[in-house]
Amino acid sequence: MSEYLEFQGISKAYPGVQALSDISFRAEAGRVLALLGENGAGKSTLLKILSGDIRPDAGGIVISGEEMSFPTPRDAILAGVSVIYQERQLVPLLSVMENIFPGALPKTALGIDKNRLRAEAKAVIGKFGLPIDPDEPVGRLSVAYQQMVEIMKAYTRNSRIIAFDEPTAPLTDTETDILFRLIGDLKAEGKIIIYVSHRMAEIFKITDDVVVLKDGKFVKAMRTQDTDERALIQAMVGRDIGDTYSNLSRNEEYGDVLLEVRGLCTDALDDVSFSLRRGEVLGLAGLVGAGRTEVVRAIFGADAIEAGEIIFEGKQVRFTEPRDAIRAGIALCPEDRKEQGLILSRSVRENVTMPVLSKLKKGLFNMFLDRDAENRLTQEVIDQFTIRTPSINKIARELSGGNQQKVILGRWTNEKVSTKLLILDEPTKGIDVATKAEIYQMVCDFAKAGFAVIFISSELTEVINVSDRIIVMHNGHITGEVMRQEATEENVLALAMLD
Ligand SMILES: Nc1ncnc2c1ncn2[C@@H]1O[C@H](COP(=O)(O)OP(=O)(O)OP(=O)(O)O)[C@@H](O)[C@H]1O
Ligand SMILES: [Mg+2]
């Protein structure tokens with residue numbers, strides 16, 4: 001009989017949330033099973049139980065007829081389970097080879113046998129066809145290659161079960177192709193593979209089976225080929241959300257020019273010029289590394305400018321630090337929510353109200369923080385973005401990935417921040433389909449209110465359907481501009497590859 005993995009009646013509660021209730025399903029060897037559900041549905045929690053990082057309150061795991069219990073991560077590894085998380089688990093200071101073979105380092109009398117280690121690491125890296133140096137510290141690799149190192153680590157452990165939690169969120173298209181090839185190889189070798197992603201196209205590309213969770217409960221299991229995108233979204237969300245883009249209510253009227261960038265040069269940018277009117281949504285498209293993030297960082301005062309002019313509200317400006325840009329009415333929701341946005345150890349309330357505390361004062365000389373106003377504002381943000389949290393005081397670390405992203409969006413778009421130019425860098429990374437639609441509408445509403453938006457996304461469909469106008473970049477400069485009405489994935493991609 002072929003191998004399988006079965007979850008039997010798994011339940012797990014956190015204070016204030018039933019993260020999983022009575023989850024049962026089976027994953028078969030040589031097949032890829034998609035685990036789907038909205039933000040906070042319980043996907044990562046289930047994978048953490050599989051990896052032995054947390055213990056379920058009830059239920060068990062059976063692998064090929066054998067009942068398993070994983071009191072610690074080590075027990076799961078020994079049973080042949082590898083989980084590749086949303087957050088990287090590598091040791092940044094150690095080299096690639098040391099990360100691939102943790103704990104299993106070949107030894108000589110004098111300690112670790114570096115030469116053998118290097119040779120073995122080279123063999124694995126070669127098998128995967130990646131341009132990675134085994135001696136490079138992992139922290140210096142791109143996020144994508146760090147991810148590949150995690151996969152190689154799972155591979156060399158000879159795991160029979162490999163689970164991926166949103167692996168493509170930080171990857172470029174080429175890297176995604178490499179990952180899919182690797183997953184195909186693992187599948188052909190008869191591994192049991194579980195795959196979590198919010199990108200629907202991927203589900204139909206690489207998975208064989210689908211399991212949908214909602215609010216910690218099992219909704220349905222089916223073969224991927226027997227369903228379609230609309231039916232899956234309906235199962236996840238619980239209702240038919242229709243066509244996201246054609247349902248958007250957009251802004252039709254533009255005002256005067258809000259931002260003008262002339263001949264901007266930094267160490268990553270070459271002569272970038274464009275302008276943006278009030279009421280307009282401007283998309284920045286391009287491949288990863290094209291310079292999109294660098295453009296907005298330079299405007300925002302986060303990166304040094306070598307030459308060029310920035311005119312905001314008719315005045316020439318040159319922000320030397322983000323604080324000045326924020327004061328002038330520019331908000332940037334960064335790409336990496338962990339490093340540049342969210343304070344994980346602080347509550348949802350503190351994360352939301354951080355930039356507007358001075359506007360939430362009361363009493364004589366406005367000396368005291370108005371707690372009621374602070375709580376009200378936080379609650380409004382929670383309602384607007386349907387952030388799943390049992391309380392405004394929940395610590396950000398304990399929210400699911402997608403809900404953390406929503407907290408950042410709420411921080412910069414709530415009524416107290418007088419944002420005139422909202423810059424969103426990959427705002428829907430890790431966000432579920434229904435909430436994506438809400439974010440797109442929020443962007444349009446912001447434009448309708450007479451403000452402007454710069455929207456960066458690596459998902460081409462998204463950037464060309466949400467933006468009014470799309471600027472395409474390659475290698476630090478602008479290669480073209482397309483209006484939404486004329487934009488297609490083909491013509492934008494062609495510009496993105498133009499030198
Ligand atoms: N350490 C924790 N402490 C308290 N609550 C938690 C903790 N980890 C997760 N939760 C809660 O459990 C629920 C399920 O979270 P989980 O991370 O499994 O969701 P998910 O399906 O992976 O969502 P996403 O798509 O956003 O990654 C959420 O309500 C979350 O807030
Ligand atoms: Mg998750």
# chains A, B, ... in the order shown; residues from 1 in each chain; ligands from 1

$ residues_near_ligand --ligand "ligand 1" --cutoff "9 Å" --atoms "only C-alpha atoms and all ligand atoms" --output "MDAnalysis selection string"
chainID A and resid 12:20 35:48 86 165:166 196:198 213:216 388:390 394:405 430:432

$ write_last_selection --atoms "N, CA and C atoms" --output "compact mmCIF listing (two decimals), in the first residue's frame"
# COMPACT_ATOMS: atom_id res chain seq x y z
N LYS A 12 -7.41 22.78 18.08
CA LYS A 12 -6.44 23.61 18.78
C LYS A 12 -7.08 24.97 19.10
N ALA A 13 -7.04 25.36 20.36
CA ALA A 13 -7.58 26.67 20.74
C ALA A 13 -6.46 27.57 21.22
N TYR A 14 -6.56 28.84 20.89
CA TYR A 14 -5.72 29.87 21.50
C TYR A 14 -6.65 30.74 22.32
N PRO A 15 -6.13 31.54 23.24
CA PRO A 15 -7.03 32.39 24.01
C PRO A 15 -7.91 33.22 23.07
N GLY A 16 -9.21 33.03 23.18
CA GLY A 16 -10.13 33.82 22.36
C GLY A 16 -10.39 33.30 20.96
N VAL A 17 -9.66 32.30 20.48
CA VAL A 17 -9.94 31.75 19.14
C VAL A 17 -9.85 30.24 19.13
N GLN A 18 -10.79 29.62 18.46
CA GLN A 18 -10.67 28.20 18.18
C GLN A 18 -9.98 28.12 16.81
N ALA A 19 -8.66 27.96 16.84
CA ALA A 19 -7.91 28.00 15.57
C ALA A 19 -8.24 26.81 14.69
N LEU A 20 -8.45 25.64 15.29
CA LEU A 20 -8.81 24.44 14.53
C LEU A 20 -9.85 23.65 15.31
N LEU A 35 -3.80 23.19 0.61
CA LEU A 35 -4.57 23.51 1.81
C LEU A 35 -4.97 24.97 1.68
N LEU A 36 -6.27 25.20 1.54
CA LEU A 36 -6.75 26.55 1.24
C LEU A 36 -7.64 27.10 2.34
N GLY A 37 -7.72 28.42 2.39
CA GLY A 37 -8.61 29.07 3.35
C GLY A 37 -8.23 30.52 3.49
N GLU A 38 -9.16 31.31 4.00
CA GLU A 38 -8.92 32.73 4.18
C GLU A 38 -7.84 32.97 5.23
N ASN A 39 -7.42 34.23 5.36
CA ASN A 39 -6.45 34.58 6.41
C ASN A 39 -7.05 34.22 7.77
N GLY A 40 -6.28 33.47 8.54
CA GLY A 40 -6.76 33.10 9.87
C GLY A 40 -7.58 31.82 9.88
N ALA A 41 -7.69 31.14 8.74
CA ALA A 41 -8.50 29.92 8.67
C ALA A 41 -7.91 28.77 9.48
N GLY A 42 -6.59 28.82 9.71
CA GLY A 42 -5.96 27.77 10.52
C GLY A 42 -4.92 26.96 9.78
N LYS A 43 -4.56 27.35 8.57
CA LYS A 43 -3.62 26.58 7.75
C LYS A 43 -2.25 26.44 8.42
N SER A 44 -1.68 27.59 8.82
CA SER A 44 -0.34 27.53 9.42
C SER A 44 -0.38 26.79 10.75
N THR A 45 -1.46 26.95 11.49
CA THR A 45 -1.58 26.24 12.77
C THR A 45 -1.53 24.73 12.54
N LEU A 46 -2.21 24.26 11.51
CA LEU A 46 -2.21 22.83 11.23
C LEU A 46 -0.80 22.36 10.86
N LEU A 47 -0.10 23.16 10.09
CA LEU A 47 1.27 22.78 9.71
C LEU A 47 2.20 22.80 10.92
N LYS A 48 1.96 23.71 11.86
CA LYS A 48 2.80 23.75 13.05
C LYS A 48 2.56 22.53 13.94
N GLN A 86 6.18 30.03 6.44
CA GLN A 86 6.01 31.39 5.94
C GLN A 86 7.23 32.21 6.37
N ASP A 165 4.40 26.39 3.35
CA ASP A 165 3.44 27.41 3.75
C ASP A 165 3.69 28.70 2.96
N GLU A 166 2.88 28.97 1.97
CA GLU A 166 3.00 30.14 1.09
C GLU A 166 4.42 30.34 0.57
N VAL A 196 0.39 25.32 0.69
CA VAL A 196 -0.51 26.40 1.08
C VAL A 196 -0.18 27.63 0.23
N SER A 197 -1.20 28.23 -0.39
CA SER A 197 -0.98 29.44 -1.17
C SER A 197 -2.29 30.20 -1.33
N HIS A 198 -2.16 31.53 -1.46
CA HIS A 198 -3.36 32.33 -1.77
C HIS A 198 -3.45 32.63 -3.25
N LEU A 213 -10.37 24.97 4.36
CA LEU A 213 -10.72 25.24 5.76
C LEU A 213 -11.39 26.60 5.84
N LYS A 214 -12.28 26.75 6.80
CA LYS A 214 -12.85 28.07 7.06
C LYS A 214 -13.07 28.22 8.56
N ASP A 215 -12.57 29.30 9.13
CA ASP A 215 -12.68 29.54 10.57
C ASP A 215 -12.29 28.31 11.39
N GLY A 216 -11.25 27.65 11.00
CA GLY A 216 -10.76 26.51 11.76
C GLY A 216 -11.53 25.22 11.54
N ARG A 388 -8.96 39.55 11.67
CA ARG A 388 -9.37 38.52 12.62
C ARG A 388 -8.52 38.59 13.87
N THR A 389 -9.09 39.16 14.91
CA THR A 389 -8.39 39.21 16.18
C THR A 389 -9.45 39.23 17.27
N PRO A 390 -9.22 38.50 18.36
CA PRO A 390 -10.24 38.47 19.42
C PRO A 390 -10.29 39.80 20.17
N LYS A 394 -4.54 42.24 21.20
CA LYS A 394 -3.77 41.06 20.82
C LYS A 394 -2.40 41.48 20.29
N ILE A 395 -1.39 40.70 20.65
CA ILE A 395 -0.03 40.97 20.18
C ILE A 395 0.07 40.63 18.69
N ALA A 396 0.68 41.51 17.91
CA ALA A 396 0.74 41.32 16.46
C ALA A 396 1.32 39.96 16.07
N ARG A 397 2.30 39.48 16.82
CA ARG A 397 2.93 38.21 16.50
C ARG A 397 1.91 37.07 16.43
N GLU A 398 0.83 37.19 17.21
CA GLU A 398 -0.12 36.09 17.30
C GLU A 398 -1.21 36.15 16.23
N LEU A 399 -1.15 37.16 15.37
CA LEU A 399 -2.11 37.19 14.26
C LEU A 399 -1.59 36.32 13.13
N SER A 400 -2.50 35.85 12.28
CA SER A 400 -2.05 35.11 11.10
C SER A 400 -1.36 36.09 10.15
N GLY A 401 -0.56 35.55 9.22
CA GLY A 401 0.25 36.39 8.32
C GLY A 401 -0.56 37.46 7.59
N GLY A 402 -1.66 37.07 7.00
CA GLY A 402 -2.48 38.00 6.23
C GLY A 402 -3.08 39.08 7.11
N ASN A 403 -3.42 38.72 8.31
CA ASN A 403 -4.01 39.71 9.22
C ASN A 403 -2.97 40.72 9.70
N GLN A 404 -1.72 40.30 9.79
CA GLN A 404 -0.65 41.25 10.11
C GLN A 404 -0.54 42.30 9.01
N GLN A 405 -0.65 41.85 7.77
CA GLN A 405 -0.57 42.78 6.64
C GLN A 405 -1.70 43.80 6.70
N GLY A 430 0.30 37.48 0.62
CA GLY A 430 -0.22 36.69 1.74
C GLY A 430 -1.66 37.00 2.11
N ILE A 431 -2.34 37.79 1.27
CA ILE A 431 -3.72 38.17 1.57
C ILE A 431 -4.68 37.27 0.80
N ASP A 432 -5.77 36.87 1.44
CA ASP A 432 -6.68 35.94 0.76
C ASP A 432 -7.53 36.66 -0.29

$ closest_residue --among "A:Phe451, A:Tyr85, A:Phe274, A:Tyr254" --to "ligand 2" --atoms "only C-alpha atoms and all ligand atoms"
A:Tyr85

$ closest_atom_pairs --of "range 425-487 of chain A" --to "range 288-302 of chain A" --cutoff "12 Å" --atoms "only C-alpha atoms" --output "JSON lines"
{"residue": "A:Asp425", "atom": "CA", "partner": "A:Thr293", "partner_atom": "CA", "distance": 6.9}
{"residue": "A:Glu426", "atom": "CA", "partner": "A:Thr293", "partner_atom": "CA", "distance": 9.4}
{"residue": "A:Val453", "atom": "CA", "partner": "A:Val296", "partner_atom": "CA", "distance": 11.3}
{"residue": "A:Ile454", "atom": "CA", "partner": "A:Val296", "partner_atom": "CA", "distance": 8.4}
{"residue": "A:Phe455", "atom": "CA", "partner": "A:Arg292", "partner_atom": "CA", "distance": 9.8}
{"residue": "A:Ile456", "atom": "CA", "partner": "A:Arg292", "partner_atom": "CA", "distance": 7.0}
{"residue": "A:Ser457", "atom": "CA", "partner": "A:Arg292", "partner_atom": "CA", "distance": 9.1}
{"residue": "A:Ser458", "atom": "CA", "partner": "A:Val288", "partner_atom": "CA", "distance": 7.2}
{"residue": "A:Glu459", "atom": "CA", "partner": "A:Val288", "partner_atom": "CA", "distance": 10.7}
{"residue": "A:Leu460", "atom": "CA", "partner": "A:Val288", "partner_atom": "CA", "distance": 11.7}
{"residue": "A:Ile470", "atom": "CA", "partner": "A:Arg292", "partner_atom": "CA", "distance": 11.8}
{"residue": "A:Ile471", "atom": "CA", "partner": "A:Arg292", "partner_atom": "CA", "distance": 9.6}
{"residue": "A:Val472", "atom": "CA", "partner": "A:Arg292", "partner_atom": "CA", "distance": 8.8}
{"residue": "A:Met473", "atom": "CA", "partner": "A:Ala290", "partner_atom": "CA", "distance": 5.6}
{"residue": "A:His474", "atom": "CA", "partner": "A:Ala290", "partner_atom": "CA", "distance": 4.5}
{"residue": "A:Asn475", "atom": "CA", "partner": "A:Ala290", "partner_atom": "CA", "distance": 4.7}
{"residue": "A:Gly476", "atom": "CA", "partner": "A:Gly291", "partner_atom": "CA", "distance": 4.7}
{"residue": "A:His477", "atom": "CA", "partner": "A:Gly291", "partner_atom": "CA", "distance": 7.3}
{"residue": "A:Ile478", "atom": "CA", "partner": "A:Ala290", "partner_atom": "CA", "distance": 9.1}
{"residue": "A:Thr479", "atom": "CA", "partner": "A:Ala290", "partner_atom": "CA", "distance": 10.3}

$ closest_residue --among "A:Val210, A:Lys429, A:Gln89, A:Asp177" --to "ligand 2" --atoms "only C-alpha atoms and all ligand atoms"
A:Lys429

$ residues_around --residues "Pro102 in chain A" --least-positions-apart "3" --cutoff "12 Å" --atoms "only C-alpha atoms" --output "ChimeraX atom specification"
/A:74,77,89-91,94-99,105-106,112,117,121,149-150,152-154,156-157

$ closest_residue --among "A:Ala201, A:Ile10, A:Val62, A:Ala169" --to "ligand 2" --atoms "only C-alpha atoms and all ligand atoms"
A:Ala169

$ residues_around --residues "Gly450 in chain A" --least-positions-apart "5" --cutoff "9 Å" --atoms "only C-alpha atoms" --output "PyMOL selection string"
chain A and resi 251+253-255+278-280+420+445

$ write_last_selection --atoms "all heavy atoms" --output "short mmCIF file (atom, residue, chain, number, x, y, z; two decimals), in the first residue's frame"
data_model
loop_
_atom_site.label_atom_id
_atom_site.label_comp_id
_atom_site.auth_asym_id
_atom_site.auth_seq_id
_atom_site.Cartn_x
_atom_site.Cartn_y
_atom_site.Cartn_z
N ASN A 251 -12.42 55.71 -9.45
CA ASN A 251 -12.47 57.16 -9.56
C ASN A 251 -12.39 57.57 -11.03
O ASN A 251 -11.62 57.00 -11.79
CB ASN A 251 -11.29 57.77 -8.80
CG ASN A 251 -11.27 59.26 -8.92
OD1 ASN A 251 -12.31 59.90 -8.87
ND2 ASN A 251 -10.08 59.84 -9.08
N GLU A 253 -12.41 61.09 -11.97
CA GLU A 253 -11.97 62.48 -12.16
C GLU A 253 -10.62 62.75 -11.50
O GLU A 253 -10.44 62.47 -10.32
CB GLU A 253 -12.98 63.40 -11.50
CG GLU A 253 -13.78 64.23 -12.46
CD GLU A 253 -14.89 64.92 -11.72
OE1 GLU A 253 -14.60 65.96 -11.10
OE2 GLU A 253 -16.02 64.37 -11.71
N TYR A 254 -9.69 63.31 -12.27
CA TYR A 254 -8.39 63.64 -11.69
C TYR A 254 -8.29 65.12 -11.36
O TYR A 254 -8.92 65.94 -12.01
CB TYR A 254 -7.26 63.29 -12.65
CG TYR A 254 -7.24 61.84 -13.04
CD1 TYR A 254 -6.84 61.45 -14.31
CD2 TYR A 254 -7.63 60.86 -12.13
CE1 TYR A 254 -6.82 60.11 -14.67
CE2 TYR A 254 -7.62 59.52 -12.50
CZ TYR A 254 -7.22 59.16 -13.76
OH TYR A 254 -7.20 57.85 -14.10
N GLY A 255 -7.46 65.44 -10.37
CA GLY A 255 -7.20 66.83 -10.02
C GLY A 255 -5.86 67.27 -10.58
O GLY A 255 -5.39 66.73 -11.59
N ARG A 278 -3.74 64.06 -8.48
CA ARG A 278 -4.66 63.69 -7.40
C ARG A 278 -5.79 62.86 -8.00
O ARG A 278 -6.26 63.15 -9.09
CB ARG A 278 -5.26 64.94 -6.77
CG ARG A 278 -4.25 65.76 -5.99
CD ARG A 278 -4.94 66.98 -5.39
NE ARG A 278 -3.97 68.05 -5.17
CZ ARG A 278 -3.32 68.23 -4.01
NH1 ARG A 278 -3.57 67.45 -2.98
NH2 ARG A 278 -2.44 69.19 -3.88
N GLY A 279 -6.18 61.83 -7.30
CA GLY A 279 -7.28 60.98 -7.77
C GLY A 279 -6.82 59.84 -8.67
O GLY A 279 -7.63 59.06 -9.15
N GLU A 280 -5.51 59.75 -8.85
CA GLU A 280 -5.01 58.74 -9.78
C GLU A 280 -4.35 57.57 -9.05
O GLU A 280 -3.72 57.74 -8.02
CB GLU A 280 -3.98 59.40 -10.71
CG GLU A 280 -3.70 58.60 -11.95
CD GLU A 280 -2.69 59.28 -12.88
OE1 GLU A 280 -1.99 60.23 -12.45
OE2 GLU A 280 -2.59 58.84 -14.03
N LYS A 420 -1.86 61.93 1.84
CA LYS A 420 -2.29 62.45 0.54
C LYS A 420 -1.78 61.54 -0.57
O LYS A 420 -2.38 61.43 -1.62
CB LYS A 420 -1.72 63.86 0.32
CG LYS A 420 -2.27 64.85 1.33
CD LYS A 420 -1.46 66.14 1.29
CE LYS A 420 -1.83 67.01 2.47
NZ LYS A 420 -0.76 67.98 2.75
N ASP A 445 -11.26 53.86 -3.50
CA ASP A 445 -11.94 54.84 -2.65
C ASP A 445 -10.99 55.95 -2.24
O ASP A 445 -11.37 57.12 -2.15
CB ASP A 445 -12.49 54.16 -1.39
CG ASP A 445 -13.66 53.24 -1.71
OD1 ASP A 445 -14.21 53.35 -2.83
OD2 ASP A 445 -14.02 52.42 -0.85
#

$ residues_around --residues "Ser249 in chain A" --least-positions-apart "3" --cutoff "12 Å" --atoms "only C-alpha atoms" --output "PDB file with N, CA, C and O atoms, in the first residue's frame"
ATOM      1  N   THR A 244     -13.715  40.196  -9.377  1.00  0.00           N
ATOM      2  CA  THR A 244     -13.104  41.234  -8.567  1.00  0.00           C
ATOM      3  C   THR A 244     -12.927  42.551  -9.321  1.00  0.00           C
ATOM      4  O   THR A 244     -13.307  43.601  -8.842  1.00  0.00           O
ATOM      5  N   TYR A 245     -12.347  42.481 -10.493  1.00  0.00           N
ATOM      6  CA  TYR A 245     -11.930  43.728 -11.139  1.00  0.00           C
ATOM      7  C   TYR A 245     -13.095  44.481 -11.767  1.00  0.00           C
ATOM      8  O   TYR A 245     -13.196  45.695 -11.652  1.00  0.00           O
ATOM      9  N   SER A 246     -14.002  43.767 -12.432  1.00  0.00           N
ATOM     10  CA  SER A 246     -15.092  44.501 -13.092  1.00  0.00           C
ATOM     11  C   SER A 246     -16.077  45.073 -12.069  1.00  0.00           C
ATOM     12  O   SER A 246     -16.828  45.989 -12.372  1.00  0.00           O
ATOM     13  N   GLU A 252     -13.202  58.556 -11.432  1.00  0.00           N
ATOM     14  CA  GLU A 252     -13.203  58.958 -12.845  1.00  0.00           C
ATOM     15  C   GLU A 252     -12.544  60.315 -13.053  1.00  0.00           C
ATOM     16  O   GLU A 252     -12.219  60.686 -14.165  1.00  0.00           O
ATOM     17  N   ALA A 437      -9.852  41.738  -2.825  1.00  0.00           N
ATOM     18  CA  ALA A 437     -10.892  42.547  -3.470  1.00  0.00           C
ATOM     19  C   ALA A 437     -11.201  43.773  -2.618  1.00  0.00           C
ATOM     20  O   ALA A 437     -11.386  44.874  -3.143  1.00  0.00           O
ATOM     21  N   GLU A 438     -11.212  43.599  -1.297  1.00  0.00           N
ATOM     22  CA  GLU A 438     -11.486  44.745  -0.415  1.00  0.00           C
ATOM     23  C   GLU A 438     -10.354  45.771  -0.493  1.00  0.00           C
ATOM     24  O   GLU A 438     -10.592  46.977  -0.467  1.00  0.00           O
ATOM     25  N   TYR A 440      -8.392  46.335  -3.087  1.00  0.00           N
ATOM     26  CA  TYR A 440      -8.499  47.044  -4.367  1.00  0.00           C
ATOM     27  C   TYR A 440      -9.544  48.150  -4.264  1.00  0.00           C
ATOM     28  O   TYR A 440      -9.341  49.264  -4.740  1.00  0.00           O
ATOM     29  N   GLN A 441     -10.670  47.832  -3.630  1.00  0.00           N
ATOM     30  CA  GLN A 441     -11.719  48.845  -3.514  1.00  0.00           C
ATOM     31  C   GLN A 441     -11.247  49.995  -2.617  1.00  0.00           C
ATOM     32  O   GLN A 441     -11.519  51.157  -2.884  1.00  0.00           O
ATOM     33  N   MET A 442     -10.502  49.634  -1.569  1.00  0.00           N
ATOM     34  CA  MET A 442      -9.977  50.670  -0.684  1.00  0.00           C
ATOM     35  C   MET A 442      -9.067  51.624  -1.465  1.00  0.00           C
ATOM     36  O   MET A 442      -9.117  52.841  -1.288  1.00  0.00           O
ATOM     37  N   VAL A 443      -8.255  51.063  -2.353  1.00  0.00           N
ATOM     38  CA  VAL A 443      -7.368  51.878  -3.183  1.00  0.00           C
ATOM     39  C   VAL A 443      -8.202  52.827  -4.052  1.00  0.00           C
ATOM     40  O   VAL A 443      -7.935  54.032  -4.132  1.00  0.00           O
ATOM     41  N   CYS A 444      -9.246  52.304  -4.668  1.00  0.00           N
ATOM     42  CA  CYS A 444     -10.104  53.147  -5.522  1.00  0.00           C
ATOM     43  C   CYS A 444     -10.810  54.218  -4.691  1.00  0.00           C
ATOM     44  O   CYS A 444     -10.945  55.360  -5.141  1.00  0.00           O
ATOM     45  N   ASP A 445     -11.256  53.865  -3.505  1.00  0.00           N
ATOM     46  CA  ASP A 445     -11.942  54.840  -2.651  1.00  0.00           C
ATOM     47  C   ASP A 445     -10.994  55.955  -2.239  1.00  0.00           C
ATOM     48  O   ASP A 445     -11.374  57.120  -2.149  1.00  0.00           O
ATOM     49  N   PHE A 446      -9.766  55.596  -2.002  1.00  0.00           N
ATOM     50  CA  PHE A 446      -8.760  56.565  -1.611  1.00  0.00           C
ATOM     51  C   PHE A 446      -8.559  57.567  -2.755  1.00  0.00           C
ATOM     52  O   PHE A 446      -8.483  58.777  -2.541  1.00  0.00           O
ATOM     53  N   ALA A 447      -8.529  57.049  -3.977  1.00  0.00           N
ATOM     54  CA  ALA A 447      -8.385  57.915  -5.150  1.00  0.00           C
ATOM     55  C   ALA A 447      -9.619  58.796  -5.321  1.00  0.00           C
ATOM     56  O   ALA A 447      -9.521  59.982  -5.634  1.00  0.00           O
ATOM     57  N   LYS A 448     -10.785  58.212  -5.079  1.00  0.00           N
ATOM     58  CA  LYS A 448     -12.043  58.976  -5.187  1.00  0.00           C
ATOM     59  C   LYS A 448     -12.071  60.144  -4.222  1.00  0.00           C
ATOM     60  O   LYS A 448     -12.645  61.188  -4.502  1.00  0.00           O
ATOM     61  N   VAL A 466      -5.871  47.120 -11.397  1.00  0.00           N
ATOM     62  CA  VAL A 466      -6.211  48.065 -10.337  1.00  0.00           C
ATOM     63  C   VAL A 466      -5.774  49.485 -10.711  1.00  0.00           C
ATOM     64  O   VAL A 466      -6.478  50.441 -10.430  1.00  0.00           O
TER      65      VAL A 466
END

$ residues_around --residues "Asp53 in chain A" --least-positions-apart "6" --cutoff "8 Å" --atoms "only C-alpha atoms" --output "NGL selection string"
:A and (71-73)

$ residues_around --residues "Met222 in chain A" --least-positions-apart "6" --cutoff "9 Å" --atoms "only C-alpha atoms" --output "list in words"
Asp208, Asp209, Val210, Val211 and Val212 of chain A

$ write_last_selection --atoms "all heavy atoms" --output "compact mmCIF listing (two decimals), in the first residue's frame"
# COMPACT_ATOMS: atom_id res chain seq x y z
N ASP A 208 -2.96 18.36 -6.93
CA ASP A 208 -3.84 17.27 -7.37
C ASP A 208 -5.11 17.21 -6.54
O ASP A 208 -6.15 16.80 -7.01
CB ASP A 208 -3.09 15.94 -7.22
CG ASP A 208 -1.78 15.96 -7.97
OD1 ASP A 208 -1.81 15.97 -9.21
OD2 ASP A 208 -0.71 16.00 -7.31
N ASP A 209 -4.98 17.58 -5.28
CA ASP A 209 -6.12 17.54 -4.37
C ASP A 209 -6.24 18.87 -3.66
O ASP A 209 -5.25 19.60 -3.54
CB ASP A 209 -5.93 16.45 -3.31
CG ASP A 209 -5.68 15.09 -3.93
OD1 ASP A 209 -6.61 14.56 -4.54
OD2 ASP A 209 -4.54 14.58 -3.81
N VAL A 210 -7.43 19.17 -3.17
CA VAL A 210 -7.66 20.43 -2.46
C VAL A 210 -8.44 20.15 -1.18
O VAL A 210 -9.40 19.39 -1.19
CB VAL A 210 -8.53 21.41 -3.28
CG1 VAL A 210 -8.49 22.79 -2.66
CG2 VAL A 210 -8.10 21.46 -4.71
N VAL A 211 -8.01 20.80 -0.10
CA VAL A 211 -8.79 20.78 1.14
C VAL A 211 -9.03 22.23 1.52
O VAL A 211 -8.11 23.05 1.50
CB VAL A 211 -8.02 20.05 2.27
CG1 VAL A 211 -8.65 20.33 3.62
CG2 VAL A 211 -7.98 18.55 2.00
N VAL A 212 -10.28 22.57 1.82
CA VAL A 212 -10.61 23.95 2.18
C VAL A 212 -10.98 24.03 3.66
O VAL A 212 -11.78 23.23 4.15
CB VAL A 212 -11.79 24.49 1.32
CG1 VAL A 212 -12.13 25.92 1.73
CG2 VAL A 212 -11.45 24.41 -0.15

$ atom_distance --atom1 "CA of Ser345 in chain A" --atom2 "CA of Pro427 in chain A"
21.5 Å

$ closest_residue --among "A:Leu409, A:Leu179, A:Ile61, A:Leu141" --to "Lys436 in chain A" --atoms "only C-alpha atoms"
A:Leu409

$ select_by_dssp --residues "range 259-371 of chain A" --states "strand (DSSP E)" --output "PyMOL selection string"
chain A and resi 259-265+272-277+281-286+307-312+315-317+330-333+361-362+368-369

$ atom_distance --atom1 "CA of Thr386 in chain A" --atom2 "CA of Asn414 in chain A"
13.8 Å

$ atom_distance --atom1 "CA of Asn351 in chain A" --atom2 "CA of Gln379 in chain A"
12.5 Å

$ select_by_dssp --residues "range 198-285 of chain A" --states "helix (DSSP H, G or I)" --output "ChimeraX atom specification"
/A:200-206,224-226,229-237

$ closest_residue --among "A:Leu130, A:Gly308, A:Thr172, A:Pro167" --to "ligand 2" --atoms "only C-alpha atoms and all ligand atoms"
A:Pro167
